[in-house]
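Take a look at the structure below.
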Amino acid sequence: MPIGDLDVPIIGKNTVIAVLVQAHVLFAAFIIGAVIIAATSEYLGLVTKQPRYERFARNLARFIVLLFASGAALAITFVLALVTLFPVFFSYLQNIFFWVFLVEAFMFLGQIIIVYAWYNVWDKLAYRKSLHVVFGFVAGFFGLMAMTMINAVASFMLTPAEAPVNDVARTFLNQTNVPLNMHRFVGNFSYAGFLIAGWGAWRYLRSTREDDREYYDWMGHFGLIWGFGFLILQPVIGYGYLKGIRESAPEAFNVIMLGDKSWLFLLLMFWIALMTVASTAYFVHKLRFAVKPMPMMRKMTIGALGFTVLFTVLNIIPSNASLVPQIGLVFAGGEDTQIPLGSMYPWKYIGLIGLMIVGFFVIALYLKATASGFHFGRSSRWSQYALISSAVIVVLTMITMGYTRETARRVDNDPGWLIYNCITMDQELVTDLCLAEGLEGGEGGE
């Protein structure tokens, strides 16, 4: 059997890799974001002397420790599957990114050691709280550095550097490495924040003790500040990332923005729109329970909710009547029927910029009310359902974003790339198109 010709019956090897990667990312992104959030909460507890911050930080740290083993197991399984199912491709990656993989391994090891030490010495460093807080932030730093190393590989696969592959700096800092890192850095906090808010809402609905209801109501509020606060940064960062893809991998850009897979972008915007509307509605509701009554501020937030819906509609209108051609969802002539309000310029830009501006306005109003405090434990059930819905939707958003980025390299499978314009899905090297210099293949290369 030729090397690299191994397949998986029924589902295929591409599906195996996709499932393992998506599952690992869902675990890893939460862990990276949650460590920083927990360390920040512990620091706020040290400064404000409010016990809820300490309780939250410790409980979240315990959950991170329990989750870490599952995330690590998925990462190891993914690497083994990649080596087994795509050995030729992995050999190229290993040669190009030897130093990156080496650094990532040490960052991952450092994160494991510090995370477990951080949790296990919680009581022992109770009287040296500042030092213990540093442990948490150091663990977060190692996690972010490990993510940065992996992002270098992921970004190179879509936008190979126009430089010799043995030029470590140029290969690492390829055309989309920085925007991808910014996108995932912000996304990790937003993702973890929404999940924390959803868990707080779930526990709030199931709690009967008054002190627990107050705590979990506060947790939902605290998590949503992280989730929504970082979500509103994504439109401008995402635009920068898409711009980098358009300039460096134009065919891949066309697949996800103008081609048959453009519906993925609309689906992504639909998820973001739902989270934005649900979050804004929660803020409107929560302002009713501000310690210092703020009726004018609440009316302004209600007005912002209206603008949120308006800008949301602009983002999810398709550019033509060919919605999802893969399943036959095509109307009135398909691509030949253009929808004016669905064009990228100016309507999608107006929608993205509008969502960001309104989001900043809403979170600023809410943070101002937060400064004076809220009466926790009085929230309605529907507001908690809004938080739970946002937690579910943020998972769907992560899956959609991951699939969108990875499917862009397929270029409608004609031919479809593992490394854009360099290595095909069949692990064959194509040197005449590849911008990365110095790649050499054997008999299978061209």
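Residue numbers start at 1 in each chain; chains themselves are named A, B, ... in the order of the structure tokens; ligands are numbered from 1 in the order shown.
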
Please produce, as JSON lines, a per-residue contact table for segment 22-43 of chain A versus segment 219-233 of chain A (criterion: any atom at most 10 Å away, only C-alpha atoms considered), showing the nearest atom pair and its distance in Å to one decimal, sorted by chain then residue number.
{"residue": "A:Gly33", "atom": "CA", "partner": "A:Trp226", "partner_atom": "CA", "distance": 9.8}
{"residue": "A:Ile37", "atom": "CA", "partner": "A:Trp226", "partner_atom": "CA", "distance": 8.2}
{"residue": "A:Ser41", "atom": "CA", "partner": "A:Phe222", "partner_atom": "CA", "distance": 9.5}

Write out the residues from the selection above, keeping N, CA and C atoms, as a compact mmCIF listing (two decimals), in the first residue's frame.
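Resulting contents of again_39.txt:
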# COMPACT_ATOMS: atom_id res chain seq x y z
N GLY A 33 -9.28 30.96 27.22
CA GLY A 33 -10.05 32.13 27.65
C GLY A 33 -10.40 32.07 29.12
N ILE A 37 -9.79 34.67 32.38
CA ILE A 37 -10.98 35.19 33.07
C ILE A 37 -10.92 34.85 34.55
N SER A 41 -10.65 37.43 37.62
CA SER A 41 -11.65 37.43 38.69
C SER A 41 -10.98 37.32 40.05

Residues within 8 Å of Pro415 of chain A, only C-alpha atoms, excluding chain neighbours under 4 positions, as a PyMOL selection string: chain A and resi 410-411+424-425

Prev. selection, N, CA, C and O atoms, output as a PDB file, in the first residue's frame:
ATOM      1  N   ARG A 410     -10.354  24.440  -0.149  1.00  0.00           N
ATOM      2  CA  ARG A 410     -10.790  23.407  -1.093  1.00  0.00           C
ATOM      3  C   ARG A 410     -11.018  23.984  -2.491  1.00  0.00           C
ATOM      4  O   ARG A 410     -10.892  23.277  -3.492  1.00  0.00           O
ATOM      5  N   VAL A 411     -11.356  25.276  -2.575  1.00  0.00           N
ATOM      6  CA  VAL A 411     -11.610  25.936  -3.860  1.00  0.00           C
ATOM      7  C   VAL A 411     -12.497  25.034  -4.722  1.00  0.00           C
ATOM      8  O   VAL A 411     -12.165  24.678  -5.855  1.00  0.00           O
ATOM      9  N   THR A 424      -1.826  19.506  -2.640  1.00  0.00           N
ATOM     10  CA  THR A 424      -3.233  19.203  -2.887  1.00  0.00           C
ATOM     11  C   THR A 424      -3.805  18.311  -1.790  1.00  0.00           C
ATOM     12  O   THR A 424      -3.083  17.796  -0.939  1.00  0.00           O
ATOM     13  N   MET A 425      -5.118  18.103  -1.847  1.00  0.00           N
ATOM     14  CA  MET A 425      -5.776  17.212  -0.889  1.00  0.00           C
ATOM     15  C   MET A 425      -5.271  15.776  -1.027  1.00  0.00           C
ATOM     16  O   MET A 425      -5.396  14.988  -0.099  1.00  0.00           O
TER      17      MET A 425
END

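Proximity ranking of A:Met157, A:Gln50, A:Thr15, A:Ile272 relative to Leu396 of chain A places A:Ile272 first, based on only C-alpha atoms.
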
Every residue of segment 92-177 of chain A that DSSP places in helix (DSSP H, G or I), as number ranges by chain: A: 92-96, 98-120, 129-158, 168-172, 177
